[in-house]
file model_12.tsv (TSV, C-alpha atoms and all ligand atoms)
chain	number	residue	atom	x	y	z
A	139	MET	CA	-275.30	-85.52	96.14
A	140	ALA	CA	-271.72	-86.22	95.07
A	141	VAL	CA	-268.94	-84.52	97.06
A	142	ASP	CA	-266.04	-83.25	94.97
A	143	GLY	CA	-262.36	-83.59	96.04
A	144	GLY	CA	-262.04	-80.03	97.45
A	145	ASP	CA	-265.14	-80.31	99.66
A	146	HIS	CA	-264.00	-83.72	100.84
A	147	ARG	CA	-260.61	-82.33	101.97
A	148	THR	CA	-262.29	-79.39	103.73
A	149	MET	CA	-264.63	-81.75	105.50
A	150	GLN	CA	-261.76	-84.04	106.49
A	151	LYS	CA	-259.88	-81.05	107.89
A	152	ARG	CA	-262.96	-79.99	109.78
A	153	ILE	CA	-263.46	-83.46	111.22
A	154	GLN	CA	-259.78	-83.58	112.20
A	155	TYR	CA	-260.11	-80.17	113.87
A	156	LEU	CA	-263.24	-81.20	115.77
A	157	ASP	CA	-261.55	-84.42	116.78
A	158	GLU	CA	-258.57	-82.52	118.16
A	159	GLN	CA	-260.85	-80.13	120.04
A	160	ASN	CA	-262.77	-83.07	121.42
A	161	ARG	CA	-259.60	-84.77	122.62
A	162	ALA	CA	-258.44	-81.50	124.20
A	163	LEU	CA	-261.80	-81.23	125.97
A	164	VAL	CA	-261.55	-84.77	127.31
A	165	ALA	CA	-258.02	-84.02	128.50
A	166	ILE	CA	-259.11	-80.84	130.24
A	167	GLN	CA	-262.02	-82.64	131.87
A	168	ASP	CA	-259.59	-85.23	133.19
A	169	LYS	CA	-257.34	-82.45	134.54
A	170	LEU	CA	-260.30	-80.75	136.20
A	171	GLU	CA	-261.26	-84.01	137.88
A	172	ARG	CA	-257.72	-84.56	139.11
A	173	LEU	CA	-257.59	-81.02	140.49
A	174	SER	CA	-260.91	-81.52	142.31
A	175	ASP	CA	-259.69	-84.81	143.83
A	176	PHE	CA	-256.69	-82.98	145.10
A	177	ARG	CA	-258.88	-80.22	146.55
A	178	SER	CA	-260.86	-82.67	148.64
A	179	ASP	CA	-257.60	-84.23	149.92
A	180	MET	CA	-256.21	-80.88	151.02
A	181	ILE	CA	-259.29	-78.99	152.17
A	182	LEU	CA	-258.82	-80.03	155.80
A	183	SER	CA	-255.21	-78.91	156.05
A	184	HIS	CA	-254.45	-75.68	157.90
A	185	ASP	CA	-250.78	-75.62	157.07
A	186	ILE	CA	-250.36	-72.78	154.54
A	187	PRO	CA	-246.88	-73.74	153.21
A	188	GLU	CA	-248.07	-77.35	152.79
A	189	ILE	CA	-251.27	-76.29	150.98
A	190	LEU	CA	-249.45	-73.95	148.58
A	191	GLN	CA	-246.56	-76.33	147.92
A	192	SER	CA	-248.77	-79.30	147.09
A	193	GLY	CA	-251.27	-77.14	145.18
A	194	ILE	CA	-248.74	-75.77	142.75
A	195	ALA	CA	-246.95	-79.12	142.47
A	196	LYS	CA	-250.27	-80.70	141.46
A	197	PHE	CA	-250.94	-77.89	139.00
A	198	GLN	CA	-247.57	-78.44	137.38
A	199	GLU	CA	-248.35	-82.13	136.96
A	200	LEU	CA	-251.36	-81.09	134.88
A	201	VAL	CA	-250.13	-78.03	132.99
A	202	LYS	CA	-246.76	-77.43	131.38
A	203	THR	CA	-245.34	-74.30	132.99
A	204	GLU	CA	-241.94	-72.64	133.31
A	205	ALA	CA	-242.71	-71.49	136.84
A	206	CYS	CA	-245.58	-71.39	139.25
A	207	SER	CA	-245.61	-69.06	142.27
A	208	VAL	CA	-247.79	-67.71	145.02
A	209	PHE	CA	-247.58	-64.22	146.48
A	210	LEU	CA	-249.38	-63.39	149.72
A	211	VAL	CA	-250.48	-60.02	151.01
A	212	ASP	CA	-248.61	-59.11	154.20
A	213	ALA	CA	-250.37	-58.67	157.56
A	214	ASP	CA	-250.93	-54.91	156.97
A	215	GLY	CA	-252.62	-55.69	153.68
A	216	PHE	CA	-250.35	-53.43	151.61
A	217	GLU	CA	-247.58	-55.46	150.08
A	218	PHE	CA	-247.37	-58.66	148.08
A	219	ARG	CA	-244.71	-60.95	149.54
A	220	HIS	CA	-243.28	-63.86	147.54
A	221	GLU	CA	-244.24	-67.04	149.37
A	222	ILE	CA	-243.30	-69.97	147.20
A	223	SER	CA	-242.10	-70.83	143.68
A	224	LEU	CA	-241.73	-74.11	141.85
A	225	PRO	CA	-239.06	-74.65	140.65
A	226	GLU	CA	-237.55	-72.93	143.70
A	227	ARG	CA	-234.65	-71.40	141.75
A	228	VAL	CA	-236.99	-69.07	139.80
A	229	GLY	CA	-238.20	-67.36	142.99
A	230	THR	CA	-236.11	-64.19	142.49
A	231	LEU	CA	-237.02	-63.95	138.82
A	232	MET	CA	-240.71	-64.25	139.73
A	233	GLU	CA	-240.38	-61.47	142.31
A	234	LYS	CA	-238.86	-59.24	139.64
A	235	GLU	CA	-241.58	-60.23	137.18
A	236	ILE	CA	-244.34	-59.27	139.62
A	237	ASP	CA	-242.54	-56.00	140.48
A	238	ALA	CA	-242.47	-55.17	136.75
A	239	GLN	CA	-246.15	-56.07	136.38
A	240	ILE	CA	-246.99	-53.91	139.42
A	241	LEU	CA	-245.02	-50.99	137.96
A	242	SER	CA	-246.76	-51.29	134.60
A	243	GLY	CA	-250.13	-51.28	136.37
A	244	THR	CA	-251.14	-54.62	134.85
A	245	PHE	CA	-250.89	-56.48	138.13
A	246	GLY	CA	-253.15	-54.01	139.95
A	247	TRP	CA	-255.65	-54.11	137.14
A	248	ILE	CA	-255.87	-57.92	137.23
A	249	ILE	CA	-256.10	-58.02	141.03
A	250	SER	CA	-258.89	-55.44	141.14
A	251	SER	CA	-260.79	-57.18	138.33
A	252	GLY	CA	-260.99	-60.28	140.57
A	253	THR	CA	-260.48	-62.72	137.67
A	254	PRO	CA	-257.32	-64.32	136.28
A	255	ALA	CA	-255.77	-62.88	133.15
A	256	CYS	CA	-252.83	-63.54	130.86
A	257	VAL	CA	-250.21	-60.95	129.81
A	258	PRO	CA	-246.73	-61.06	128.20
A	259	ALA	CA	-244.03	-61.87	130.76
A	260	GLU	CA	-241.76	-58.82	130.86
A	261	VAL	CA	-238.76	-59.83	132.98
A	262	PHE	CA	-239.07	-63.58	132.52
A	263	GLY	CA	-239.39	-63.36	128.76
A	264	LYS	CA	-236.20	-61.30	128.48
A	265	ALA	CA	-234.24	-63.54	130.84
A	266	GLU	CA	-235.19	-66.70	128.98
A	267	GLY	CA	-235.02	-65.16	125.50
A	268	ARG	CA	-238.35	-66.76	124.63
A	269	ARG	CA	-241.93	-65.69	124.09
A	270	LEU	CA	-243.34	-66.33	127.54
A	271	SER	CA	-246.59	-65.23	129.14
A	272	VAL	CA	-247.53	-64.73	132.75
A	273	MET	CA	-250.94	-65.62	134.06
A	274	ILE	CA	-252.03	-63.89	137.23
A	275	ALA	CA	-254.94	-65.05	139.37
A	276	PRO	CA	-256.07	-63.03	142.41
A	277	LEU	CA	-256.63	-64.86	145.70
A	278	SER	CA	-259.31	-63.23	147.82
A	279	ASN	CA	-262.14	-63.66	150.27
A	280	LYS	CA	-265.25	-61.50	150.56
A	281	GLU	CA	-263.46	-58.73	152.43
A	282	ARG	CA	-259.97	-58.48	151.04
A	283	THR	CA	-257.28	-59.61	148.64
A	284	LEU	CA	-255.21	-62.42	150.15
A	285	GLY	CA	-252.60	-62.79	147.44
A	286	ALA	CA	-252.04	-63.96	143.87
A	287	ALA	CA	-251.18	-67.22	142.13
A	288	THR	CA	-249.01	-66.74	139.05
A	289	ILE	CA	-247.70	-68.98	136.31
A	290	VAL	CA	-245.22	-68.40	133.53
A	291	PHE	CA	-245.63	-70.48	130.39
A	292	GLU	CA	-244.73	-70.63	126.72
A	293	GLN	CA	-247.16	-68.77	124.41
A	294	ASP	CA	-249.55	-71.41	123.23
A	295	GLU	CA	-252.63	-71.86	121.11
A	296	ASP	CA	-255.50	-69.71	122.28
A	297	PHE	CA	-257.62	-72.76	123.04
A	298	ILE	CA	-255.00	-74.27	125.39
A	299	ARG	CA	-254.44	-70.88	127.01
A	300	GLN	CA	-258.14	-70.60	127.80
A	301	GLN	CA	-258.08	-74.03	129.43
A	302	THR	CA	-254.99	-73.18	131.44
A	303	LEU	CA	-256.72	-70.03	132.60
A	304	LYS	CA	-259.69	-72.11	133.74
A	305	LEU	CA	-257.44	-74.49	135.66
A	306	LEU	CA	-255.65	-71.60	137.31
A	307	TYR	CA	-259.03	-70.11	138.20
A	308	ILE	CA	-259.93	-73.35	139.98
A	309	LEU	CA	-256.57	-73.50	141.74
A	310	SER	CA	-256.85	-69.88	142.89
A	311	GLY	CA	-260.38	-70.54	144.17
A	312	PHE	CA	-259.07	-73.47	146.16
A	313	PHE	CA	-256.14	-71.43	147.50
A	314	SER	CA	-258.48	-68.57	148.49
A	315	LEU	CA	-260.75	-70.94	150.42
A	316	SER	CA	-257.87	-72.77	152.09
A	317	LEU	CA	-256.12	-69.54	153.06
A	318	GLU	CA	-259.27	-68.13	154.60
A	319	ASN	CA	-259.81	-71.38	156.43
A	320	ALA	CA	-256.21	-71.47	157.67
A	321	TYR	CA	-256.31	-67.82	158.82
A	322	LEU	CA	-259.55	-68.43	160.72
A	323	PHE	CA	-258.05	-71.52	162.31
A	324	GLU	CA	-254.92	-69.53	163.25
A	325	ASP	CA	-257.10	-66.90	164.97
A	326	LEU	CA	-258.99	-69.56	166.84
A	327	LYS	CA	-255.76	-71.30	167.87
A	328	LYS	CA	-254.28	-68.02	169.01
A	329	SER	CA	-257.22	-67.20	171.26
A	330	TYR	CA	-257.05	-70.69	172.81
A	331	PHE	CA	-253.32	-70.33	173.38
A	332	ASP	CA	-253.70	-66.81	174.78
A	333	THR	CA	-256.25	-68.03	177.32
A	334	ILE	CA	-254.10	-70.94	178.38
A	335	ARG	CA	-250.99	-68.79	178.43
A	336	ALA	CA	-252.79	-66.42	180.80
A	337	VAL	CA	-253.34	-69.37	183.13
A	338	ALA	CA	-249.67	-70.40	182.81
A	339	ASN	CA	-248.59	-66.82	183.51
A	340	SER	CA	-250.69	-66.78	186.65
A	341	VAL	CA	-248.65	-69.76	187.88
A	342	GLU	CA	-245.39	-67.92	187.31
A	343	ALA	CA	-246.79	-64.74	188.84
A	344	ARG	CA	-247.39	-66.61	192.10
A	345	ASP	CA	-243.70	-67.45	192.32
A	346	ALA	CA	-241.38	-64.54	191.60
A	347	TYR	CA	-238.35	-66.82	191.48
A	348	THR	CA	-239.55	-68.88	188.55
A	349	ARG	CA	-240.52	-65.85	186.45
A	350	GLY	CA	-239.25	-66.25	182.91
A	351	HIS	CA	-238.49	-69.93	183.56
A	352	SER	CA	-241.05	-71.24	181.05
A	353	ASN	CA	-239.83	-69.00	178.24
A	354	ARG	CA	-236.23	-69.97	178.90
A	355	VAL	CA	-237.14	-73.67	178.94
A	356	ALA	CA	-238.87	-73.21	175.57
A	357	ALA	CA	-235.83	-71.41	174.14
A	358	ILE	CA	-233.30	-74.00	175.36
A	359	SER	CA	-235.46	-76.91	174.17
A	360	LYS	CA	-235.74	-75.33	170.75
A	361	ILE	CA	-231.97	-74.96	170.45
A	362	ILE	CA	-231.44	-78.64	171.30
A	363	ALA	CA	-234.23	-79.72	168.92
A	364	ALA	CA	-232.77	-77.62	166.09
A	365	GLU	CA	-229.47	-79.41	166.72
A	366	MET	CA	-231.41	-82.69	166.34
A	367	GLY	CA	-232.82	-81.50	162.99
A	368	TRP	CA	-236.50	-81.28	163.99
A	369	ASN	CA	-238.80	-79.86	161.34
A	370	ARG	CA	-240.47	-76.44	161.36
A	371	ARG	CA	-243.82	-77.67	162.66
A	372	ASP	CA	-242.29	-79.60	165.58
A	373	LEU	CA	-240.08	-76.63	166.47
A	374	GLU	CA	-243.17	-74.41	166.59
A	375	MET	CA	-244.83	-76.78	169.05
A	376	ILE	CA	-241.84	-76.54	171.41
A	377	ASP	CA	-242.63	-72.87	172.07
A	378	TRP	CA	-246.02	-73.84	173.40
A	379	GLY	CA	-244.80	-77.01	175.10
A	380	GLY	CA	-242.12	-74.99	176.91
A	381	VAL	CA	-244.37	-72.13	177.89
A	382	LEU	CA	-247.13	-74.43	179.14
A	383	HIS	CA	-245.12	-77.28	180.67
A	384	ASP	CA	-245.83	-76.33	184.30
A	385	LEU	CA	-249.44	-75.32	183.61
A	386	GLY	CA	-250.62	-77.95	186.12
A	387	LYS	CA	-249.02	-76.00	188.99
A	388	VAL	CA	-252.17	-73.87	188.87
A	389	GLY	CA	-253.70	-76.69	190.93
A	390	ILE	CA	-250.93	-76.70	193.59
A	391	SER	CA	-251.32	-74.54	196.72
A	392	ASP	CA	-249.10	-71.50	197.34
A	393	THR	CA	-247.70	-72.98	200.56
A	394	ILE	CA	-246.22	-75.90	198.64
A	395	LEU	CA	-245.32	-73.94	195.50
A	396	ASN	CA	-243.49	-71.18	197.35
A	397	LYS	CA	-242.04	-73.17	200.23
A	398	PRO	CA	-238.41	-72.20	200.72
A	399	GLY	CA	-236.33	-75.33	201.12
A	400	LYS	CA	-237.16	-79.00	200.91
A	401	LEU	CA	-240.72	-80.31	200.60
A	402	THR	CA	-241.95	-83.04	202.97
A	403	ASP	CA	-242.80	-86.42	201.39
A	404	GLU	CA	-246.47	-85.54	201.57
A	405	GLU	CA	-245.98	-82.14	199.96
A	406	PHE	CA	-243.78	-83.65	197.27
A	407	ALA	CA	-246.49	-86.20	196.48
A	408	ILE	CA	-248.92	-83.32	195.85
A	409	MET	CA	-246.34	-81.44	193.77
A	410	LYS	CA	-245.82	-84.56	191.64
A	411	ALA	CA	-249.40	-84.27	190.38
A	412	HIS	CA	-248.71	-81.12	188.35
A	413	PRO	CA	-247.84	-82.90	185.06
A	414	SER	CA	-251.11	-84.85	185.21
A	415	ILE	CA	-253.18	-81.78	186.19
A	416	GLY	CA	-251.66	-79.86	183.28
A	417	SER	CA	-252.47	-82.55	180.73
A	418	GLN	CA	-256.03	-82.78	182.06
A	419	ILE	CA	-256.47	-79.04	181.51
A	420	ILE	CA	-255.58	-79.20	177.83
A	421	GLY	CA	-256.89	-82.73	177.20
A	422	GLY	CA	-259.76	-82.96	174.73
A	423	ILE	CA	-258.71	-79.94	172.66
A	424	ALA	CA	-257.57	-81.63	169.47
A	425	PHE	CA	-254.91	-79.20	168.29
A	426	LEU	CA	-253.36	-78.94	171.76
A	427	GLU	CA	-252.86	-82.69	171.97
A	428	PRO	CA	-249.29	-82.55	170.56
A	429	LEU	CA	-248.39	-80.57	173.70
A	430	ILE	CA	-249.40	-83.32	176.11
A	431	PRO	CA	-246.03	-85.15	176.09
A	432	TYR	CA	-244.27	-81.90	177.07
A	433	ILE	CA	-246.64	-81.31	179.95
A	434	ALA	CA	-247.20	-84.88	181.11
A	435	GLN	CA	-243.67	-86.26	180.79
A	436	HIS	CA	-241.15	-83.52	181.55
A	437	HIS	CA	-240.39	-85.04	184.99
A	438	GLU	CA	-239.93	-88.59	183.73
A	439	ARG	CA	-236.36	-89.89	183.87
A	440	TYR	CA	-234.54	-91.97	181.26
A	441	ASP	CA	-233.73	-94.61	183.93
A	442	GLY	CA	-237.39	-94.90	184.94
A	443	ARG	CA	-237.02	-93.18	188.31
A	444	GLY	CA	-239.03	-90.08	187.39
A	445	TYR	CA	-242.69	-89.17	187.82
A	446	PRO	CA	-245.69	-89.32	187.42
A	447	ALA	CA	-245.68	-92.61	185.46
A	448	GLY	CA	-242.11	-93.86	186.02
A	449	LEU	CA	-241.69	-94.41	182.27
A	450	LYS	CA	-238.29	-95.59	181.06
A	451	GLY	CA	-236.07	-94.83	178.02
A	452	GLU	CA	-238.04	-94.51	174.83
A	453	GLU	CA	-241.31	-95.19	176.61
A	454	ILE	CA	-241.02	-91.47	177.36
A	455	ALA	CA	-241.97	-89.38	174.33
A	456	ILE	CA	-239.01	-87.51	172.83
A	457	GLN	CA	-240.73	-84.21	173.72
A	458	GLY	CA	-240.70	-85.19	177.41
A	459	ARG	CA	-237.06	-86.32	177.24
A	460	LEU	CA	-236.11	-83.05	175.56
A	461	LEU	CA	-237.92	-80.80	178.00
A	462	ALA	CA	-236.45	-82.67	180.99
A	463	ILE	CA	-232.95	-81.46	179.98
A	464	ALA	CA	-233.96	-77.83	179.38
A	465	ASP	CA	-236.11	-77.71	182.55
A	466	THR	CA	-233.33	-79.10	184.77
A	467	TYR	CA	-230.64	-76.91	183.22
A	468	ASP	CA	-232.68	-73.74	183.72
A	469	ALA	CA	-233.69	-74.73	187.26
A	470	MET	CA	-230.00	-75.25	188.14
A	471	THR	CA	-228.83	-71.94	186.68
A	472	SER	CA	-231.68	-69.83	188.14
A	473	ASP	CA	-231.51	-68.13	191.54
A	474	ARG	CA	-233.83	-69.41	194.28
A	475	PRO	CA	-234.72	-67.70	197.58
A	476	TYR	CA	-232.57	-70.23	199.43
A	477	ARG	CA	-229.64	-70.52	197.00
A	478	LYS	CA	-227.91	-68.76	194.15
A	479	GLY	CA	-228.08	-70.25	190.67
A	480	LEU	CA	-225.21	-72.47	189.55
A	481	ASP	CA	-222.64	-71.31	187.06
A	482	ALA	CA	-223.62	-72.34	183.47
A	483	ARG	CA	-220.50	-74.51	183.08
A	484	ILE	CA	-221.22	-76.47	186.28
A	485	ALA	CA	-224.88	-76.98	185.31
A	486	TYR	CA	-223.76	-78.15	181.86
A	487	GLU	CA	-221.34	-80.68	183.41
A	488	GLU	CA	-224.12	-81.94	185.66
A	489	ILE	CA	-226.41	-82.56	182.67
A	490	VAL	CA	-223.60	-84.42	180.88
A	491	ARG	CA	-222.86	-86.45	184.03
A	492	CYS	CA	-226.51	-87.58	184.15
A	493	SER	CA	-226.55	-88.68	180.50
A	494	GLY	CA	-228.00	-92.19	180.33
A	495	SER	CA	-229.36	-92.06	183.89
A	496	GLN	CA	-231.62	-89.04	184.21
A	497	PHE	CA	-231.43	-87.97	180.55
A	498	ASP	CA	-231.53	-89.46	177.05
A	499	PRO	CA	-227.87	-89.72	175.88
A	500	VAL	CA	-228.72	-88.81	172.26
A	501	LEU	CA	-230.39	-85.58	173.37
A	502	VAL	CA	-227.57	-84.84	175.82
A	503	ARG	CA	-225.12	-85.08	172.91
A	504	ALA	CA	-227.18	-82.48	170.99
A	505	PHE	CA	-227.26	-80.32	174.16
A	506	GLU	CA	-223.47	-80.66	174.49
A	507	LYS	CA	-222.95	-79.62	170.86
A	508	ALA	CA	-225.19	-76.55	171.26
A	509	PHE	CA	-223.54	-75.60	174.57
A	510	LYS	CA	-220.03	-75.88	173.13
A	511	ALA	CA	-221.10	-73.74	170.16
A	512	GLY	CA	-222.15	-71.03	172.64
A	513	LYS	CA	-225.84	-71.33	171.73
A	514	ILE	CA	-226.88	-72.10	175.33
A	515	VAL	CA	-225.75	-69.69	178.04
A	601	FE	FE	-242.52	-79.21	186.16
call {"tool": "encode", "arguments": {"input": "model_12.tsv", "output": "structure tokens"}}
result
Amino acid sequence: MAVDGGDHRTMQKRIQYLDEQNRALVAIQDKLERLSDFRSDMILSHDIPEILQSGIAKFQELVKTEACSVFLVDADGFEFRHEISLPERVGTLMEKEIDAQILSGTFGWIISSGTPACVPAEVFGKAEGRRLSVMIAPLSNKERTLGAATIVFEQDEDFIRQQTLKLLYILSGFFSLSLENAYLFEDLKKSYFDTIRAVANSVEARDAYTRGHSNRVAAISKIIAAEMGWNRRDLEMIDWGGVLHDLGKVGISDTILNKPGKLTDEEFAIMKAHPSIGSQIIGGIAFLEPLIPYIAQHHERYDGRGYPAGLKGEEIAIQGRLLAIADTYDAMTSDRPYRKGLDARIAYEEIVRCSGSQFDPVLVRAFEKAFKAGKIV
């Protein structure tokens, strides 16, 4: 049967339309695959900021958005707190947008429905003077809502919007799983730390004169490390490294631990085992491993005359070199049964005097800077 001109054009249009749809489908499939690859890369991470940051960065590689943000429910489970936005500068605008969506009731409706949905962006649209939409995807586990992933984007064809919604659904599923995983891991970590902290506290409880020493060592070390520009994760570890550094003293007898005055050579040899005992206690627990240098090496000296291993210079991990300064400073300024603590200024001068011999000169410079700025007292 002959096809007339009109039918031919209609058919051509139809073929063109199907072709476009097909290409869009291939593109979306490719995006889905790339998002799944990313999921398997990140699934083992327990670092919430890292997971969220890389998740939304990946999403933005695949979908054109004006902004992409994550809001998390606070510990009480009542309020949504803005956690991260990309680009960062739109964070405040996103907070206002979500507030407006909460006020209008749309946000609550989407969250309780449990599935992502797309609505006109109230605040964002006005600010940008364009027709923008916000897509909101709830993050949840079986028991509760964990937060929401949101994107703001230019109103688009319905077909593309549906695909974007699907991608956001996948991303929110991944975020929900990772958050649950990370929270469980946090709980587990906390119970481990609490148990070990109880052991460390029992050491301090046996010696009234060192009470509070571990916490002060952690605080001083953190100030020096901040001066050195350490990152958030390393700074977090210092708290535990400081609190647990003398953990091994649990294996040293009271007569040696509480002896007023100088230890005999024999007693000192026993005392010198506490860094090794401490690292044995936490050895084998994977996430406590970053604490080992604090515990094992806080009595090493930069000139190699320390213990237990007699390591020298940069053979000593930076954590050990750092703690050595804070530990010595606090020991000098604290009262002991047989002597009163030194004045802060004198203890400071003593640390500076031992730069390059007992202590790492680079870290002493950071200590000096912090002391002069009044951060260490
Ligand atoms: Fe010690």
call {"tool": "closest_residue", "arguments": {"input": "model_12.tsv", "among": "A:Tyr155, A:Phe509, A:Ser207, A:Gln198", "to": "Glu365 (chain A)", "atoms": "only C-alpha atoms"}}
result
A:Phe509
call {"tool": "residues_around", "arguments": {"input": "model_12.tsv", "residues": "region 439-451 of chain A", "least_positions_apart": "5", "cutoff": "6 Å", "atoms": "all atoms listed in the file", "output": "list in words"}}
result
Ser495, Gln496, Phe497 and Asp498 of chain A
call {"tool": "closest_residue", "arguments": {"input": "model_12.tsv", "among": "A:Leu480, A:Ala364, A:Val355, A:Val515", "to": "ligand FE 601 (chain A)", "atoms": "all atoms listed in the file"}}
result
A:Val355
call {"tool": "atom_distance", "arguments": {"input": "model_12.tsv", "atom1": "CA of Val290 (chain A)", "atom2": "CA of Ser223 (chain A)"}}
result
10.9 Å
call {"tool": "closest_residue", "arguments": {"input": "model_12.tsv", "among": "A:Met470, A:Ala286, A:Met232, A:Val272", "to": "Ser250 (chain A)", "atoms": "all atoms listed in the file"}}
result
A:Ala286
call {"tool": "residues_near_ligand", "arguments": {"input": "model_12.tsv", "ligand": "ligand FE 601 (chain A)", "cutoff": "9 Å", "atoms": "only C-alpha atoms and all ligand atoms", "output": "number ranges by chain"}}
result
A: 383-387, 409-410, 412-413, 433-437, 462, 465
call {"tool": "build_atoms", "arguments": {"input": "model_12.tsv", "residues": "region 424-437 of chain A", "atoms": "N, CA, C and O atoms", "output": "tab-separated table (two decimals), in the frame of the given file"}}
result
chain	number	residue	atom	x	y	z
A	424	ALA	N	-258.33	-80.86	170.46
A	424	ALA	CA	-257.57	-81.63	169.47
A	424	ALA	C	-256.22	-81.02	169.09
A	424	ALA	O	-255.20	-81.71	169.12
A	425	PHE	N	-256.19	-79.73	168.78
A	425	PHE	CA	-254.91	-79.20	168.29
A	425	PHE	C	-253.90	-78.94	169.39
A	425	PHE	O	-252.75	-78.61	169.12
A	426	LEU	N	-254.33	-79.09	170.66
A	426	LEU	CA	-253.36	-78.94	171.76
A	426	LEU	C	-252.77	-80.29	172.16
A	426	LEU	O	-251.84	-80.35	172.96
A	427	GLU	N	-253.33	-81.36	171.60
A	427	GLU	CA	-252.86	-82.69	171.97
A	427	GLU	C	-251.35	-82.91	171.77
A	427	GLU	O	-250.72	-83.55	172.61
A	428	PRO	N	-250.75	-82.36	170.70
A	428	PRO	CA	-249.29	-82.55	170.56
A	428	PRO	C	-248.49	-81.98	171.73
A	428	PRO	O	-247.32	-82.29	171.88
A	429	LEU	N	-249.12	-81.16	172.57
A	429	LEU	CA	-248.39	-80.57	173.70
A	429	LEU	C	-248.39	-81.49	174.92
A	429	LEU	O	-247.61	-81.28	175.85
A	430	ILE	N	-249.27	-82.47	174.92
A	430	ILE	CA	-249.40	-83.32	176.11
A	430	ILE	C	-248.08	-83.97	176.54
A	430	ILE	O	-247.74	-83.92	177.72
A	431	PRO	N	-247.29	-84.54	175.63
A	431	PRO	CA	-246.03	-85.15	176.09
A	431	PRO	C	-245.11	-84.17	176.82
A	431	PRO	O	-244.43	-84.55	177.78
A	432	TYR	N	-245.10	-82.90	176.40
A	432	TYR	CA	-244.27	-81.90	177.07
A	432	TYR	C	-244.74	-81.71	178.51
A	432	TYR	O	-243.95	-81.61	179.43
A	433	ILE	N	-246.06	-81.62	178.64
A	433	ILE	CA	-246.64	-81.31	179.95
A	433	ILE	C	-246.63	-82.55	180.86
A	433	ILE	O	-246.23	-82.47	182.02
A	434	ALA	N	-247.03	-83.68	180.29
A	434	ALA	CA	-247.20	-84.88	181.11
A	434	ALA	C	-245.88	-85.57	181.45
A	434	ALA	O	-245.78	-86.26	182.47
A	435	GLN	N	-244.85	-85.40	180.61
A	435	GLN	CA	-243.67	-86.26	180.79
A	435	GLN	C	-242.36	-85.52	181.06
A	435	GLN	O	-241.30	-86.10	180.97
A	436	HIS	N	-242.43	-84.22	181.40
A	436	HIS	CA	-241.15	-83.52	181.55
A	436	HIS	C	-240.42	-83.85	182.85
A	436	HIS	O	-239.27	-83.46	183.04
A	437	HIS	N	-241.09	-84.60	183.78
A	437	HIS	CA	-240.39	-85.04	184.99
A	437	HIS	C	-240.10	-86.53	184.98
A	437	HIS	O	-239.69	-87.10	186.00
